[in-house]
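Everything below concerns the one structure shown next.
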Amino acid sequence: LQPVGEVDRTVFVAPFVEPEGHFAGALIQEAGCQGLRVGGAQVSEKHAGFVVNTGDATAADVLALIAEVQRRVHETTGVQLEPEVRLWQ
């Protein structure tokens with residue numbers, strides 16, 4: 001389920017593919033990333049598997065947040081999260 005009650009925020013679909021045998025949201029929580037923010041992009045405080053726009057997120061903010069979450073999850077758990085969407089830069 002996607003987060004609800006986050007008024008005036010755009011919700012981005014879960015940015016990561018579920019790694020086999022794991023749940024991305026649980027790994028993100030385990031790595032201490034729930035609520036983590038880069039600029040206007042934030043890992044949802046209601047569901048760690050979602051990234052929300054707090055009102056002024058740029059594409060660069062979202063990309064930087066995804067990269068930081070990937071780094072922290074890998075460092076903490078050894079699991080490499082892969083983006084669910086294709087990114088062209």
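How things are named: the first chain in the structure tokens is A, the next is B, and so on; residues count from 1 in each chain; ligands count from 1 in the order shown.
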message: Report as a list in words all protein, DNA and RNA residues lying within 8 Å of segment 60-74 of chain A, evaluated on only C-alpha atoms, omitting residues in the same chain fewer than 2 positions from it.
response: Pro15, Leu27, Ile28, Glu30, Ala31, Cys33, Leu36, Arg37, Val38, Gly39, Gly40, Ala41, Gln42, Val43, Val51, Ala57, Thr58, Thr76, Thr77, Gly78, Val79, Gln80, Leu81 and Glu82 of chain A
Picked from chain A by DSSP as strand (DSSP E), as a list of chain:residue names: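 So the strand (DSSP E) residues in chain A would be A:Thr10, A:Val11, A:Phe12, A:Arg37, A:Val38, A:Ala41, A:Gln42, A:Val43, A:Val51, A:Val52, A:Asn53.
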- request: Just list the residues in chain A DSSP gives alpha helix (DSSP H) on the backbone, as a PyMOL selection string.
  value: chain A and resi 24-30+59-77
Pairwise distance for atom CA of Phe50 of chain A and atom CA of Glu18 of chain A, rounded to one decimal in Å: 12.3 Å
field: 6 Å contact set for Ala48 of chain A, only C-alpha atoms, chain neighbours under 4 positions out, as a list in words
entry: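 The neighbour list is Gly25, Gln34, Val43 and Ser44 of chain A.
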May I have the residues from that selection written out with all heavy atoms, as a PDB file, in the first residue's frame?
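The result, written out as part26.pdb:
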ATOM      1  N   GLY A  25      11.467  -2.393   1.582  1.00  0.00           N
ATOM      2  CA  GLY A  25      11.116  -1.508   2.693  1.00  0.00           C
ATOM      3  C   GLY A  25      11.761  -1.925   4.002  1.00  0.00           C
ATOM      4  O   GLY A  25      12.238  -1.090   4.769  1.00  0.00           O
ATOM      5  N   GLN A  34      14.582   5.230   6.855  1.00  0.00           N
ATOM      6  CA  GLN A  34      13.208   5.714   6.880  1.00  0.00           C
ATOM      7  C   GLN A  34      13.208   7.161   7.363  1.00  0.00           C
ATOM      8  O   GLN A  34      13.777   7.477   8.404  1.00  0.00           O
ATOM      9  CB  GLN A  34      12.331   4.849   7.765  1.00  0.00           C
ATOM     10  CG  GLN A  34      10.865   5.145   7.573  1.00  0.00           C
ATOM     11  CD  GLN A  34       9.983   3.992   8.004  1.00  0.00           C
ATOM     12  OE1 GLN A  34      10.437   3.038   8.610  1.00  0.00           O
ATOM     13  NE2 GLN A  34       8.716   4.077   7.686  1.00  0.00           N
ATOM     14  N   VAL A  43      12.456   9.539   2.002  1.00  0.00           N
ATOM     15  CA  VAL A  43      11.938   8.183   2.172  1.00  0.00           C
ATOM     16  C   VAL A  43      10.731   8.316   3.097  1.00  0.00           C
ATOM     17  O   VAL A  43      10.824   8.928   4.166  1.00  0.00           O
ATOM     18  CB  VAL A  43      12.994   7.240   2.793  1.00  0.00           C
ATOM     19  CG1 VAL A  43      12.390   5.870   3.060  1.00  0.00           C
ATOM     20  CG2 VAL A  43      14.219   7.132   1.885  1.00  0.00           C
ATOM     21  N   SER A  44       9.597   7.786   2.674  1.00  0.00           N
ATOM     22  CA  SER A  44       8.363   7.947   3.430  1.00  0.00           C
ATOM     23  C   SER A  44       8.523   7.490   4.874  1.00  0.00           C
ATOM     24  O   SER A  44       9.123   6.451   5.146  1.00  0.00           O
ATOM     25  CB  SER A  44       7.236   7.150   2.772  1.00  0.00           C
ATOM     26  OG  SER A  44       6.062   7.200   3.571  1.00  0.00           O
TER      27      SER A  44
END
Separation of atom CA of Ala24 of chain A from atom CA of Gly49 of chain A, in Å and rounded to one decimal: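 Taking atom CA of Ala24 of chain A and atom CA of Gly49 of chain A, their separation equals 6.0 Å.
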task: In Å, rounded to a single decimal, give me how far atom CA of Arg86 of chain A is from atom CA of Gln29 of chain A.
output: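 Separation of atom CA of Gln29 of chain A and atom CA of Arg86 of chain A: 23.6 Å.
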